Amino acid sequence: MNNECDIVKDLLFSYDEGILSNTSKEFVENHLKNCDNCKKILDEIKKQNNINDSLNEIDFLKKIKHKINKKNILLAITSIFLIIIIGVVLIYLACYMRRILITNDLKDKKKEYDNLTNYSYTLEITDKYDNSKSVDSYFVKDNEFYTEQKRYSSDGKESNEYAYCDGATDFFVEANGQRFISFNRKDEAIIGDLVPFNLTYLGKSINTYDIEKIVENSENGKEYYVITTKANNTEYYIEKDTGITVKIIDDYSIIEMSYEIGNVTDEDIVKINNNMTLKEWFWSNVNK
Ligand SMILES: [Zn+2]
C-alpha cells in the first residue's frame, strides 16, 4: 500500500487540476476510496489552491485600484492645466477685443475731423534731456496755413520762425530774421505737421498689433485713454469724447497739444510783418 500511496501523492496535484488521463484518474479514485491518508492530502491541496486563488484575486483588485487612482490624479492635473490655458486664452481674447473696439471708436471719431477747414492748434514740445522747448502754433483756414514756431534753448534763449503756405505747392519761411522759400513742401507739411492733432497716429502708424496696453485715466475732469505702443514705448493720451490726441510722451520728449476749432480769421493767416505775407514779401523781392 505504501508504494501505491507514493505514486498517488505524486499524481494528486495533477488530479486536482483535472489534467490526468482517464486511466490514471480511475487509478487515483480507486485508491482514495480505501486510503484516508491520501484523501486528507487531497483536501489540503484543495484548501491551499482556494487560498491561492483568493490571494490572486485580491492582488488583481489592488492593481486595478492603483491604476484607477493614478488615472484620477492624471485627469485632475490635466483638467487644471486645461482650465488655466482656457482662462489665459479668454483673458487675451477679451483684451484684444477691447483694443479693437477702442481703436475702431477712435478711428470713427477721427473721421469727424478729416474735413475740417478751420482750426488752430499748439504743440508744446519739451526735450527730456536738455529741457529745451519749442512752441509751435498752427492756424489753418480753408487751404492756407500760418505757423509760428518759437524755440527756447536750455539757457532760456528765444528764437522765432514763421512759415506760410499758400495752399498751392510753395512754402515760405522766415527764420531768425532770414527769409527763404522752399518749393513743393505743402504735401510734406500736410502729411507731417498739419494733420490736425496728430490723429493719424491711430489711423496709420498704430495698428492694434502695435499696442502694448490701453489704460483709462482721468485728469482735470476729462477722461483719457493712455495708449502705450510696443515698438518705441510711446504713450499717447487721447480724449475719450473727441478721439483727439492731447499728449505724447516718448523716450526723448513730451508733446502737449491744445486745439480750437473754427476760431481762425483771415488776419491770423496774413498778419506777418506789416501786414505783408511772406509770399508777398518773396515776390516783391523777386520782382525788384
Ligand atoms: Zn494512500
# chains A, B, ... in the order shown; residues from 1 in each chain; ligands from 1
$ residues_near_ligand --ligand "ligand 1" --cutoff "6 Å" --atoms "only C-alpha atoms and all ligand atoms" --output "list in words"
Cys5, Cys35, Asn37 and Cys38 of chain A
$ residues_around --residues "A:Glu256" --least-positions-apart "4" --cutoff "8 Å" --atoms "only C-alpha atoms" --output "VMD selection string"
chain A and resid 123 to 125 246 to 248
$ closest_residue --among "A:Ser137, A:Thr245, A:Asn104, A:Ser154" --to "A:Val264" --atoms "only C-alpha atoms"
A:Ser137
$ select_by_dssp --residues "stretch 37-183 of chain A" --states "helix (DSSP H, G or I)" --output "NGL selection string"
:A and (37-114)
$ closest_residue --among "A:Tyr237, A:Tyr113, A:Tyr252, A:Tyr152" --to "A:Ser132" --atoms "only C-alpha atoms"
A:Tyr152
$ closest_residue --among "A:Ile45, A:Ile261, A:Ile249, A:Leu116" --to "A:Lys128" --atoms "only C-alpha atoms"
A:Ile249
$ residues_around --residues "A:Ala231" --least-positions-apart "2" --cutoff "7 Å" --atoms "only C-alpha atoms" --output "MDAnalysis selection string"
chainID A and resid 210 229 233
$ write_last_selection --atoms "C-alpha atoms" --output "compact mmCIF listing (two decimals), in the first residue's frame"
# COMPACT_ATOMS: atom_id res chain seq x y z
CA ASP A 210 1.41 97.70 -32.07
CA THR A 229 2.90 101.20 -28.10
CA ASN A 233 7.32 102.68 -25.74
$ atom_distance --atom1 "atom CA of A:Asn118" --atom2 "atom CA of A:Gly262"
4.8 Å
$ closest_residue --among "A:Arg151, A:Glu260, A:Leu93, A:Lys9" --to "A:Asp127" --atoms "only C-alpha atoms"
A:Arg151
$ residues_around --residues "stretch 108-112 of chain A" --least-positions-apart "2" --cutoff "7 Å" --atoms "only C-alpha atoms" --output "PyMOL selection string"
chain A and resi 104-106+114+199+242-243
$ closest_residue --among "A:Glu216, A:Leu32, A:Leu12, A:Lys63" --to "A:Glu44" --atoms "only C-alpha atoms"
A:Leu12
$ residues_around --residues "A:Arg99" --least-positions-apart "5" --cutoff "9 Å" --atoms "only C-alpha atoms" --output "VMD selection string"
chain A and resid 94 104 208 211 213 to 214
$ residues_around --residues "A:His31" --least-positions-apart "6" --cutoff "12 Å" --atoms "only C-alpha atoms" --output "PDB file with N, CA, C and O atoms, in the first residue's frame"
ATOM      1  N   MET A   1       0.828  -1.209   0.000  1.00  0.00           N
ATOM      2  CA  MET A   1       0.000   0.000   0.000  1.00  0.00           C
ATOM      3  C   MET A   1       0.860   1.256   0.000  1.00  0.00           C
ATOM      4  O   MET A   1       0.552   2.235  -0.633  1.00  0.00           O
ATOM      5  N   ASN A   2       1.926   1.211   0.803  1.00  0.00           N
ATOM      6  CA  ASN A   2       2.787   2.392   0.908  1.00  0.00           C
ATOM      7  C   ASN A   2       3.339   2.849  -0.436  1.00  0.00           C
ATOM      8  O   ASN A   2       3.398   4.034  -0.717  1.00  0.00           O
ATOM      9  N   ASN A   3       3.709   1.863  -1.198  1.00  0.00           N
ATOM     10  CA  ASN A   3       4.234   2.133  -2.526  1.00  0.00           C
ATOM     11  C   ASN A   3       3.193   2.832  -3.404  1.00  0.00           C
ATOM     12  O   ASN A   3       3.467   3.807  -4.099  1.00  0.00           O
ATOM     13  N   GLU A   4       1.930   2.358  -3.323  1.00  0.00           N
ATOM     14  CA  GLU A   4       0.842   2.939  -4.121  1.00  0.00           C
ATOM     15  C   GLU A   4       0.562   4.371  -3.646  1.00  0.00           C
ATOM     16  O   GLU A   4       0.307   5.282  -4.435  1.00  0.00           O
ATOM     17  N   CYS A   5       0.629   4.579  -2.300  1.00  0.00           N
ATOM     18  CA  CYS A   5       0.415   5.935  -1.751  1.00  0.00           C
ATOM     19  C   CYS A   5       1.396   6.938  -2.353  1.00  0.00           C
ATOM     20  O   CYS A   5       1.015   8.055  -2.704  1.00  0.00           O
ATOM     21  N   ASP A   6       2.675   6.487  -2.446  1.00  0.00           N
ATOM     22  CA  ASP A   6       3.692   7.384  -3.013  1.00  0.00           C
ATOM     23  C   ASP A   6       3.334   7.795  -4.436  1.00  0.00           C
ATOM     24  O   ASP A   6       3.438   8.959  -4.811  1.00  0.00           O
ATOM     25  N   ILE A   7       2.877   6.792  -5.228  1.00  0.00           N
ATOM     26  CA  ILE A   7       2.514   7.109  -6.633  1.00  0.00           C
ATOM     27  C   ILE A   7       1.338   8.063  -6.663  1.00  0.00           C
ATOM     28  O   ILE A   7       1.342   9.070  -7.389  1.00  0.00           O
ATOM     29  N   VAL A   8       0.293   7.783  -5.824  1.00  0.00           N
ATOM     30  CA  VAL A   8      -0.904   8.643  -5.810  1.00  0.00           C
ATOM     31  C   VAL A   8      -0.552  10.074  -5.385  1.00  0.00           C
ATOM     32  O   VAL A   8      -1.022  11.036  -5.974  1.00  0.00           O
ATOM     33  N   LYS A   9       0.316  10.172  -4.348  1.00  0.00           N
ATOM     34  CA  LYS A   9       0.716  11.525  -3.887  1.00  0.00           C
ATOM     35  C   LYS A   9       1.285  12.349  -5.036  1.00  0.00           C
ATOM     36  O   LYS A   9       0.980  13.536  -5.197  1.00  0.00           O
ATOM     37  N   LEU A  11       0.549  12.022  -8.031  1.00  0.00           N
ATOM     38  CA  LEU A  11      -0.474  12.350  -9.046  1.00  0.00           C
ATOM     39  C   LEU A  11      -1.534  13.340  -8.541  1.00  0.00           C
ATOM     40  O   LEU A  11      -2.297  13.888  -9.326  1.00  0.00           O
ATOM     41  N   LEU A  12      -1.589  13.557  -7.184  1.00  0.00           N
ATOM     42  CA  LEU A  12      -2.723  14.315  -6.616  1.00  0.00           C
ATOM     43  C   LEU A  12      -2.841  15.750  -7.156  1.00  0.00           C
ATOM     44  O   LEU A  12      -3.938  16.235  -7.440  1.00  0.00           O
ATOM     45  N   SER A  24      -5.282   6.996 -15.331  1.00  0.00           N
ATOM     46  CA  SER A  24      -4.643   7.463 -14.092  1.00  0.00           C
ATOM     47  C   SER A  24      -5.689   7.974 -13.124  1.00  0.00           C
ATOM     48  O   SER A  24      -5.613   7.752 -11.910  1.00  0.00           O
ATOM     49  N   LYS A  25      -6.715   8.668 -13.679  1.00  0.00           N
ATOM     50  CA  LYS A  25      -7.766   9.249 -12.847  1.00  0.00           C
ATOM     51  C   LYS A  25      -8.501   8.131 -12.090  1.00  0.00           C
ATOM     52  O   LYS A  25      -8.695   8.238 -10.876  1.00  0.00           O
ATOM     53  N   ASN A  37      -5.615   8.566   4.365  1.00  0.00           N
ATOM     54  CA  ASN A  37      -4.424   9.427   4.409  1.00  0.00           C
ATOM     55  C   ASN A  37      -4.288  10.273   3.126  1.00  0.00           C
ATOM     56  O   ASN A  37      -4.103  11.489   3.177  1.00  0.00           O
ATOM     57  N   CYS A  38      -4.390   9.598   1.979  1.00  0.00           N
ATOM     58  CA  CYS A  38      -4.268  10.314   0.699  1.00  0.00           C
ATOM     59  C   CYS A  38      -5.431  11.274   0.505  1.00  0.00           C
ATOM     60  O   CYS A  38      -5.281  12.353  -0.075  1.00  0.00           O
ATOM     61  N   LYS A  39      -6.646  10.904   1.003  1.00  0.00           N
ATOM     62  CA  LYS A  39      -7.809  11.794   0.922  1.00  0.00           C
ATOM     63  C   LYS A  39      -7.517  13.107   1.642  1.00  0.00           C
ATOM     64  O   LYS A  39      -7.830  14.197   1.144  1.00  0.00           O
ATOM     65  N   LEU A  42      -5.299  15.241  -0.320  1.00  0.00           N
ATOM     66  CA  LEU A  42      -6.032  15.904  -1.417  1.00  0.00           C
ATOM     67  C   LEU A  42      -6.817  17.123  -0.899  1.00  0.00           C
ATOM     68  O   LEU A  42      -6.820  18.196  -1.521  1.00  0.00           O
TER      69      LEU A  42
END
